[in-house]
$ cat input_27.txt   # compact mmCIF, C-alpha atoms and all ligand atoms
# COMPACT_ATOMS: atom_id res chain seq x y z
CA MET A 1 29.34 -22.59 19.66
CA ARG A 2 29.61 -20.82 16.36
CA ALA A 3 31.63 -22.51 13.64
CA VAL A 4 32.76 -20.63 10.57
CA TYR A 5 34.07 -22.30 7.45
CA GLU A 6 36.58 -20.28 5.48
CA CYS A 7 37.90 -21.39 2.11
CA ARG A 8 39.74 -20.08 -0.90
CA CYS A 9 38.91 -21.00 -4.48
CA VAL A 10 40.25 -19.99 -7.88
CA ALA A 11 38.11 -16.97 -8.77
CA LYS A 12 37.44 -17.95 -12.38
CA THR A 13 36.12 -21.38 -11.45
CA ALA A 14 34.17 -20.03 -8.49
CA ALA A 15 32.50 -17.39 -10.66
CA ALA A 16 31.03 -20.12 -12.81
CA LEU A 17 29.93 -22.39 -9.95
CA LEU A 18 29.20 -20.14 -7.02
CA GLN A 19 26.98 -17.33 -8.17
CA GLY A 20 25.13 -15.84 -5.25
CA VAL A 21 27.62 -16.78 -2.53
CA PRO A 22 29.28 -13.58 -1.31
CA GLY A 23 33.09 -13.78 -1.36
CA THR A 24 36.11 -11.49 -1.29
CA ILE A 25 38.44 -11.39 -4.27
CA PHE A 26 42.14 -11.18 -3.41
CA ALA A 27 45.60 -12.21 -4.62
CA ASP A 28 45.43 -10.01 -7.75
CA GLY A 29 42.05 -11.40 -8.70
CA TRP A 30 43.15 -15.01 -8.82
CA LEU A 31 41.52 -16.20 -5.64
CA VAL A 32 38.24 -15.62 -3.90
CA LYS A 33 37.77 -16.11 -0.18
CA TYR A 34 34.50 -17.25 1.36
CA SER A 35 33.69 -17.10 5.04
CA VAL A 36 30.37 -18.73 5.89
CA PRO A 37 28.72 -20.31 8.94
CA MET A 38 28.99 -24.12 8.96
CA GLU A 39 25.86 -25.85 7.63
CA SER A 40 24.43 -22.54 6.32
CA VAL A 41 22.85 -22.26 2.88
CA ASP A 42 26.09 -20.73 1.57
CA PHE A 43 28.14 -23.56 3.11
CA LEU A 44 25.92 -26.11 1.37
CA ALA A 45 26.35 -24.21 -1.92
CA LEU A 46 30.14 -24.39 -1.50
CA ARG A 47 29.88 -28.10 -0.75
CA ASP A 48 27.68 -28.76 -3.79
CA ALA A 49 30.05 -26.83 -6.08
CA GLU A 50 33.04 -28.73 -4.72
CA VAL A 51 31.35 -32.12 -5.08
CA ALA A 52 30.12 -31.26 -8.61
CA SER A 53 33.58 -30.14 -9.66
CA ARG A 54 35.17 -33.34 -8.35
CA MET A 55 32.64 -35.44 -10.25
CA THR A 56 32.97 -33.60 -13.56
CA THR A 57 36.64 -32.65 -13.68
CA GLY A 58 38.20 -35.02 -11.16
CA THR A 59 39.50 -32.13 -9.06
CA GLY A 60 37.83 -29.80 -6.63
CA ILE A 61 37.81 -26.03 -6.56
CA LEU A 62 39.23 -25.60 -3.05
CA SER A 63 42.73 -24.22 -2.76
CA GLY A 64 42.66 -23.97 1.01
CA TRP A 65 40.20 -24.14 3.90
CA ASP A 66 39.88 -23.73 7.63
CA ILE A 67 37.21 -24.05 10.32
CA THR A 68 37.19 -21.76 13.35
CA ARG A 69 34.95 -22.26 16.36
CA ARG A 70 33.96 -19.72 18.97
CA TYR A 71 32.38 -20.60 22.29
CA THR A 72 30.40 -18.65 24.82
CA ARG A 73 31.73 -18.02 28.29
CA ALA A 74 29.14 -20.44 29.67
CA GLU A 75 30.27 -23.18 27.26
CA TRP A 76 33.88 -22.74 28.34
CA ALA A 77 32.89 -22.73 32.02
CA ALA A 78 31.20 -26.11 31.57
CA ALA A 79 34.07 -27.68 29.56
CA SER A 80 36.32 -30.24 31.24
CA HIS A 81 38.91 -30.41 28.42
CA ALA A 82 40.39 -28.20 25.72
CA LEU A 83 42.04 -29.25 22.48
CA VAL A 84 45.05 -27.25 21.30
CA SER A 85 43.38 -26.69 17.96
CA ARG A 86 46.16 -25.02 16.03
CA PHE A 87 49.80 -24.18 16.46
CA ARG A 88 52.29 -21.80 14.98
CA THR A 89 54.09 -24.23 12.66
CA PHE A 90 57.72 -23.82 11.68
CA GLU A 91 60.55 -25.57 9.86
CA PRO A 92 62.84 -27.46 10.05
CA ALA A 93 61.73 -30.77 11.53
CA GLY A 94 63.87 -32.08 14.37
CA GLU A 95 64.87 -35.05 12.26
CA GLU A 96 66.67 -32.78 9.78
CA CYS A 97 68.74 -31.43 12.64
CA GLY A 98 69.95 -34.67 14.18
CA THR A 99 66.95 -35.66 16.32
CA VAL A 100 66.91 -39.46 16.29
CA TYR A 101 63.80 -41.59 15.85
CA ASP A 102 63.47 -45.35 16.18
CA ASP A 103 60.89 -46.52 13.66
CA THR A 104 61.27 -50.25 14.26
CA GLY A 105 57.98 -50.41 16.21
CA ALA A 106 56.05 -48.19 13.79
CA CYS A 107 52.77 -49.38 12.28
CA PRO A 108 53.36 -51.58 9.20
CA GLU A 109 50.29 -50.07 7.48
CA CYS A 110 50.66 -46.31 8.01
CA ALA A 111 54.21 -45.96 9.42
CA ALA A 112 52.95 -43.93 12.38
CA GLY A 113 54.43 -44.56 15.80
CA GLY A 114 58.17 -43.94 15.51
CA VAL A 115 59.69 -43.13 18.89
CA GLN A 116 61.94 -40.14 19.50
CA VAL A 117 65.03 -41.56 21.17
CA SER A 118 67.29 -38.50 21.42
CA PRO A 119 66.71 -35.01 22.75
CA LEU A 120 65.08 -32.65 20.27
CA ARG A 121 67.66 -30.85 18.13
CA LEU A 122 66.77 -27.58 16.41
CA PRO A 123 68.73 -24.46 15.49
CA ALA A 124 68.00 -21.56 17.86
CA SER A 125 67.66 -19.18 14.92
CA ARG A 126 64.62 -21.05 13.58
CA LEU A 127 62.56 -21.07 16.77
CA PRO A 128 59.62 -18.68 16.35
CA ARG A 129 59.44 -15.35 18.14
CA GLY A 130 56.59 -13.85 20.08
CA VAL A 131 54.87 -17.15 20.81
CA ASP A 132 54.83 -19.49 23.81
CA ILE A 133 53.94 -22.73 22.05
CA ALA A 134 54.72 -23.89 18.51
CA ILE A 135 55.16 -27.06 16.50
CA THR A 136 57.67 -28.22 13.91
CA ILE A 137 56.53 -29.67 10.60
CA GLY A 138 57.60 -33.00 12.13
CA GLY A 139 55.02 -32.65 14.92
CA GLU A 140 57.45 -31.81 17.74
CA ILE A 141 55.93 -29.34 20.19
CA VAL A 142 58.12 -26.67 21.76
CA VAL A 143 57.18 -24.26 24.53
CA SER A 144 58.80 -21.13 25.90
CA LYS A 145 60.63 -20.93 29.20
CA ARG A 146 57.75 -18.99 30.71
CA PHE A 147 55.29 -21.67 29.57
CA ARG A 148 57.40 -24.27 31.35
CA GLU A 149 57.75 -22.12 34.46
CA CYS A 150 54.01 -21.52 34.58
CA ALA A 151 53.26 -25.24 34.25
CA GLU A 152 55.77 -26.15 36.95
CA ARG A 153 54.75 -23.37 39.35
CA THR A 154 51.11 -24.45 39.13
CA GLU A 155 52.06 -28.15 39.26
CA LEU A 156 50.33 -29.16 36.05
CA THR A 157 50.61 -32.90 35.57
CA GLY A 158 51.14 -35.17 32.58
CA ALA A 159 54.12 -33.61 30.81
CA SER A 160 57.86 -33.21 31.09
CA PHE A 161 60.00 -30.55 29.48
CA GLY A 162 62.92 -31.86 27.45
CA PRO A 163 65.89 -29.81 26.28
CA VAL A 164 66.21 -28.34 22.81
CA GLU A 165 69.79 -28.94 21.71
CA ALA A 166 71.82 -27.18 19.06
CA PRO A 167 72.12 -29.45 15.97
CA ARG A 168 75.89 -29.58 15.79
CA ALA A 169 76.67 -29.01 19.44
CA PRO A 170 74.36 -31.44 21.23
CA HIS A 171 75.36 -30.36 24.69
CA ARG A 172 74.56 -26.73 24.05
CA THR A 173 70.93 -26.46 25.07
CA ASN A 174 68.57 -23.64 24.29
CA GLU A 175 67.75 -21.59 27.38
CA GLY A 176 64.51 -20.14 26.08
CA TRP A 177 62.78 -23.22 24.64
CA PHE A 178 61.85 -26.73 25.74
CA GLN A 179 60.17 -29.69 24.13
CA LEU A 180 56.78 -30.50 25.62
CA ARG A 181 56.69 -34.27 26.06
CA VAL A 182 53.40 -35.68 27.24
CA THR A 183 53.83 -38.55 29.69
CA SER A 184 50.26 -39.29 30.75
CA GLN A 185 48.08 -42.17 29.62
CA HIS A 186 46.55 -41.70 26.17
CA LEU A 187 43.02 -40.45 25.62
CA GLU A 188 40.72 -42.40 23.36
CA VAL A 189 38.93 -40.52 20.57
CA ALA A 190 35.17 -41.25 20.41
CA GLU A 191 33.76 -42.52 17.09
CA VAL A 192 31.55 -39.47 16.51
CA THR A 193 34.67 -37.39 15.84
CA THR A 194 35.25 -36.93 12.11
CA PHE A 195 38.55 -36.78 10.23
CA GLY A 196 39.40 -36.41 6.56
CA ARG A 197 41.09 -34.53 3.80
CA ASP A 198 38.64 -31.61 3.85
CA PRO A 199 35.12 -30.93 5.17
CA PHE A 200 33.51 -32.54 2.12
CA ASP A 201 35.54 -35.70 2.23
CA THR A 202 33.27 -38.68 2.74
CA THR A 203 35.92 -41.31 2.07
CA THR A 204 38.21 -43.02 4.53
CA TYR A 205 41.19 -41.27 2.93
CA GLY A 206 44.26 -41.44 5.12
CA ARG A 207 42.72 -43.65 7.80
CA CYS A 208 44.78 -46.59 8.97
CA PRO A 209 42.85 -49.88 9.18
CA ARG A 210 44.69 -50.56 12.44
CA GLY A 211 43.11 -47.50 14.02
CA ASP A 212 46.24 -45.63 15.07
CA LEU A 213 46.01 -42.96 12.35
CA ALA A 214 42.55 -41.35 12.26
CA GLY A 215 42.99 -39.31 9.07
CA LEU A 216 44.69 -36.33 7.55
CA ASN A 217 42.84 -33.61 9.49
CA LEU A 218 40.44 -33.33 12.37
CA LEU A 219 37.20 -32.00 10.86
CA SER A 220 34.66 -31.95 13.67
CA GLU A 221 35.12 -30.90 17.26
CA LEU A 222 37.06 -33.47 19.27
CA PHE A 223 35.01 -35.97 21.27
CA LEU A 224 36.76 -38.13 23.83
CA LYS A 225 35.79 -41.27 25.67
CA ALA A 226 35.97 -40.99 29.47
CA PRO A 227 39.57 -40.05 30.32
CA PRO A 228 41.66 -42.27 32.58
CA THR A 229 41.71 -41.32 36.26
CA PRO A 230 43.37 -39.46 37.80
CA ALA A 231 43.01 -37.09 34.84
CA ALA A 232 46.24 -35.41 33.76
CA ASP A 233 46.50 -31.70 32.92
CA PHE A 234 48.38 -32.49 29.68
CA ALA A 235 47.30 -35.52 27.66
CA GLU A 236 47.39 -36.77 24.08
CA THR A 237 45.05 -38.89 22.03
CA ARG A 238 46.11 -42.41 21.15
CA GLN A 239 45.00 -41.77 17.58
CA ARG A 240 47.17 -39.61 15.37
CA VAL A 241 46.37 -37.17 12.58
CA GLY A 242 48.49 -36.51 9.52
CA LEU A 243 49.78 -38.22 6.43
CA ALA A 244 49.92 -41.98 6.22
CA ASN A 245 53.41 -43.25 5.43
CA GLY A 246 54.77 -39.87 6.48
CA VAL A 247 56.06 -38.12 3.41
CA GLY A 248 59.61 -37.03 4.12
CA LEU A 249 59.81 -35.51 7.55
CA LEU A 250 56.11 -35.06 8.16
CA ARG A 251 55.19 -37.34 11.00
CA ALA A 252 51.59 -37.98 12.00
CA ARG A 253 51.03 -36.58 15.49
CA ARG A 254 48.72 -37.08 18.42
CA LEU A 255 46.24 -34.36 19.45
CA LEU A 256 47.20 -32.35 22.53
CA VAL A 257 44.47 -31.92 25.13
CA LEU A 258 44.52 -29.72 28.26
CA SER A 259 42.48 -30.02 31.43
CA ALA A 260 40.21 -27.12 32.38
CA ARG A 261 42.73 -26.18 35.08
CA ALA A 262 45.66 -26.16 32.64
CA ARG A 263 43.65 -23.98 30.27
CA THR A 264 42.78 -21.57 33.06
CA VAL A 265 46.30 -21.14 34.42
CA LEU A 266 48.00 -20.93 31.02
CA LEU A 267 45.54 -18.35 29.69
CA ALA A 268 45.66 -16.37 32.95
CA ALA A 269 49.44 -16.22 32.56
CA GLY A 270 48.95 -14.76 29.07
CA MET A 271 50.49 -17.55 26.99
CA LYS A 272 50.66 -16.31 23.42
CA SER A 273 49.51 -18.37 20.44
CA LEU A 274 47.71 -20.94 22.59
CA GLN A 275 44.61 -21.60 20.49
CA LEU A 276 41.98 -23.80 22.01
CA GLU A 277 38.66 -25.44 21.24
CA ILE A 278 36.43 -27.35 23.60
CA ALA A 279 37.07 -31.12 23.66
CA HIS A 280 33.91 -32.92 24.70
CA VAL A 281 33.81 -36.06 26.79
CA VAL A 282 31.05 -38.45 25.75
CA PRO A 283 29.64 -41.32 27.80
ZN ZN A 301 48.65 -47.57 11.30
$ encode --input "input_27.txt" --output "structure tokens"
Amino acid sequence: MRAVYECRCVAKTAAALLQGVPGTIFADGWLVKYSVPMESVDFLALRDAEVASRMTTGTGILSGWDITRRYTRAEWAAASHALVSRFRTFEPAGEECGTVYDDTGACPECAAGGVQVSPLRLPASRLPRGVDIAITIGGEIVVSKRFRECAERTELTGASFGPVEAPRAPHRTNEGWFQLRVTSQHLEVAEVTTFGRDPFDTTTYGRCPRGDLAGLNLLSELFLKAPPTPAADFAETRQRVGLANGVGLLRARRLLVLSARARTVLLAAGMKSLQLEIAHVVP
């Protein structure tokens, strides 16, 4: 596995703190982009500059970051599970369009755990084009008709496909899109998995003391405890990621995990925008 850390910093600040780390200036000279292997000397230099900046000025120098991981064919062949690591994200959230949630059972600490009690409602014009799976800013996952047909034809287990209704005409359903609703038993995230605000976050920022919200972002690869048997092809973690006390419409969401068979059939069918990382199962 090769993991690459990519971040953007304000060029002026970076010039003072990050001499010697090769970056690419863009955005009219305002920003500099770094792309370095995780745990490399350059990565450690970026970490030290970020930590130093937070200590001296109270704010960091990062204006955005991402981690991408690439696996060998042999690593994929040995993997039993795959995490859907990123989605095409779009607005609006279902809740803005009449999707109803019942928050009475939500966690009193972090407000995660509201239950969707109506079909998903979204305007057809806002559903993304050229992709087969996407997510709203509210964490609702939608899939294309061909994604659904592929899953049903190959009898993938653990999910149902709900309608996507028009906001003001609830009985007019979208023919090209469906909501992926995972119905299988939850997976348990193993403790070695790390979550946080950014890769240099060593606090417990955003973690719910009750254990249902793991943090703002997944930082490491995903490690799972032994999955329930029989294993489902679609499953979600019990723990959520996202903002505590969901600001506005942003709801913390569970992580979506596929079986090796689901990964194989969906990729063989050419599903677009399905981005995966290996999810490890630990004893
Ligand atoms: Zn909570």
$ atom_distance --input "input_27.txt" --atom1 "CA of Ala151 (chain A)" --atom2 "CA of Leu274 (chain A)"
13.6 Å
$ atom_distance --input "input_27.txt" --atom1 "CA of Val182 (chain A)" --atom2 "CA of Phe87 (chain A)"
16.2 Å
$ residues_near_point --input "input_27.txt" --point "(38.3, -30.8, 16.8)" --cutoff "7 Å" --atoms "all atoms listed in the file" --output "count of residues only"
9
$ residues_around --input "input_27.txt" --residues "Gly176 (chain A)" --least-positions-apart "3" --cutoff "12 Å" --atoms "all atoms listed in the file" --output "ChimeraX atom specification"
/A:124-125,127-133,142-149,161-165,173,179
$ residues_near_ligand --input "input_27.txt" --ligand "ligand ZN 301 (chain A)" --cutoff "6 Å" --atoms "all atoms listed in the file" --output "ChimeraX atom specification"
/A:107,109-110,112,208,210,212-213
$ atom_distance --input "input_27.txt" --atom1 "CA of Ser63 (chain A)" --atom2 "CA of Leu31 (chain A)"
8.6 Å
$ closest_residue --input "input_27.txt" --among "A:Leu18, A:Val4, A:Ala11, A:Ala260" --to "Glu39 (chain A)" --atoms "only C-alpha atoms"
A:Val4
$ residues_around --input "input_27.txt" --residues "Arg86 (chain A)" --least-positions-apart "3" --cutoff "12 Å" --atoms "all atoms listed in the file" --output "list in words"
Asp66, Ile67, Thr68, Arg69, Ala82, Leu83, Thr89, Ile133, Ala134, Ile135, Gly139, Ile141, Asn217, Leu218, Leu255, Leu256, Val257, Ser273, Leu274, Gln275, Leu276 and Glu277 of chain A
$ closest_residue --input "input_27.txt" --among "A:His171, A:Lys33, A:Arg254, A:Arg263" --to "Ala79 (chain A)" --atoms "all atoms listed in the file"
A:Arg263
$ residues_around --input "input_27.txt" --residues "Gly105 (chain A)" --least-positions-apart "2" --cutoff "8 Å" --atoms "all atoms listed in the file" --output "list in words"
Asp102, Asp103, Cys107, Gly113, Gly114 and Val115 of chain A
$ write_last_selection --input "input_27.txt" --atoms "C-alpha atoms" --output "tab-separated table (two decimals), in the frame of the given file"
chain	number	residue	atom	x	y	z
A	102	ASP	CA	63.47	-45.35	16.18
A	103	ASP	CA	60.89	-46.52	13.66
A	107	CYS	CA	52.77	-49.38	12.28
A	113	GLY	CA	54.43	-44.56	15.80
A	114	GLY	CA	58.17	-43.94	15.51
A	115	VAL	CA	59.69	-43.13	18.89
$ residues_around --input "input_27.txt" --residues "Ala269 (chain A)" --least-positions-apart "2" --cutoff "9 Å" --atoms "only C-alpha atoms" --output "list in words"
Arg146, Phe147, Cys150, Thr264, Val265, Leu266, Leu267 and Met271 of chain A
$ closest_residue --input "input_27.txt" --among "A:Phe234, A:Tyr101, A:Phe90, A:Trp30" --to "Arg251 (chain A)" --atoms "all atoms listed in the file"
A:Tyr101
$ closest_residue --input "input_27.txt" --among "A:Val189, A:Ala3, A:Ser259, A:Pro123" --to "Tyr71 (chain A)" --atoms "all atoms listed in the file"
A:Ala3
$ closest_residue --input "input_27.txt" --among "A:Pro119, A:Val32, A:Phe200, A:Ala262" --to "Ala15 (chain A)" --atoms "all atoms listed in the file"
A:Val32
$ closest_residue --input "input_27.txt" --among "A:Gly29, A:Gly98, A:Gly23, A:Pro37" --to "Ala166 (chain A)" --atoms "all atoms listed in the file"
A:Gly98
$ axis_aligned_box --input "input_27.txt" --around "region 194-213 of chain A" --padding-each-side "6 Å" --output "AutoDock Vina command-line options"
--center_x 39.8 --center_y -40.7 --center_z 8.6 --size_x 25.0 --size_y 31.6 --size_z 25.0
$ decode --input "input_27.txt" --residues "region 135-183 of chain A" --atoms "C-alpha atoms" --output "compact mmCIF listing (two decimals), in the first residue's frame"
# COMPACT_ATOMS: atom_id res chain seq x y z
CA ILE A 135 -23.84 11.23 -1.41
CA THR A 136 -25.74 14.32 -0.28
CA ILE A 137 -24.22 16.73 2.22
CA GLY A 138 -26.69 15.15 4.65
CA GLY A 139 -25.05 11.73 4.24
CA GLU A 140 -27.79 10.11 2.13
CA ILE A 141 -26.32 7.73 -0.45
CA VAL A 142 -27.89 7.49 -3.89
CA VAL A 143 -27.07 5.01 -6.62
CA SER A 144 -27.92 4.82 -10.30
CA LYS A 145 -30.46 2.45 -11.81
CA ARG A 146 -27.66 0.37 -13.29
CA PHE A 147 -25.98 0.11 -9.88
CA ARG A 148 -29.22 -1.21 -8.44
CA GLU A 149 -29.74 -3.60 -11.34
CA CYS A 150 -26.20 -4.93 -11.01
CA ALA A 151 -26.62 -5.50 -7.27
CA GLU A 152 -29.96 -7.25 -7.74
CA ARG A 153 -28.83 -9.37 -10.70
CA THR A 154 -25.83 -10.62 -8.74
CA GLU A 155 -27.91 -11.02 -5.55
CA LEU A 156 -25.75 -8.82 -3.35
CA THR A 157 -27.07 -8.90 0.20
CA GLY A 158 -27.41 -6.33 2.96
CA ALA A 159 -29.09 -3.39 1.22
CA SER A 160 -32.43 -2.28 -0.15
CA PHE A 161 -33.04 0.39 -2.74
CA GLY A 162 -35.52 3.08 -1.71
CA PRO A 163 -37.21 5.53 -4.06
CA VAL A 164 -36.03 9.09 -4.61
CA GLU A 165 -39.14 11.25 -4.65
CA ALA A 166 -39.65 14.70 -6.10
CA PRO A 167 -39.76 17.29 -3.26
CA ARG A 168 -43.16 18.75 -4.03
CA ALA A 169 -44.73 15.75 -5.70
CA PRO A 170 -43.93 12.89 -3.33
CA HIS A 171 -45.49 10.23 -5.48
CA ARG A 172 -43.41 11.13 -8.51
CA THR A 173 -40.34 8.97 -8.12
CA ASN A 174 -37.09 9.32 -9.97
CA GLU A 175 -36.58 6.52 -12.48
CA GLY A 176 -32.81 6.82 -12.69
CA TRP A 177 -31.82 7.03 -9.01
CA PHE A 178 -32.42 5.12 -5.79
CA GLN A 179 -31.39 5.53 -2.20
CA LEU A 180 -29.01 2.84 -0.98
CA ARG A 181 -30.27 1.78 2.44
CA VAL A 182 -28.09 -0.70 4.27
CA THR A 183 -30.10 -3.27 6.20
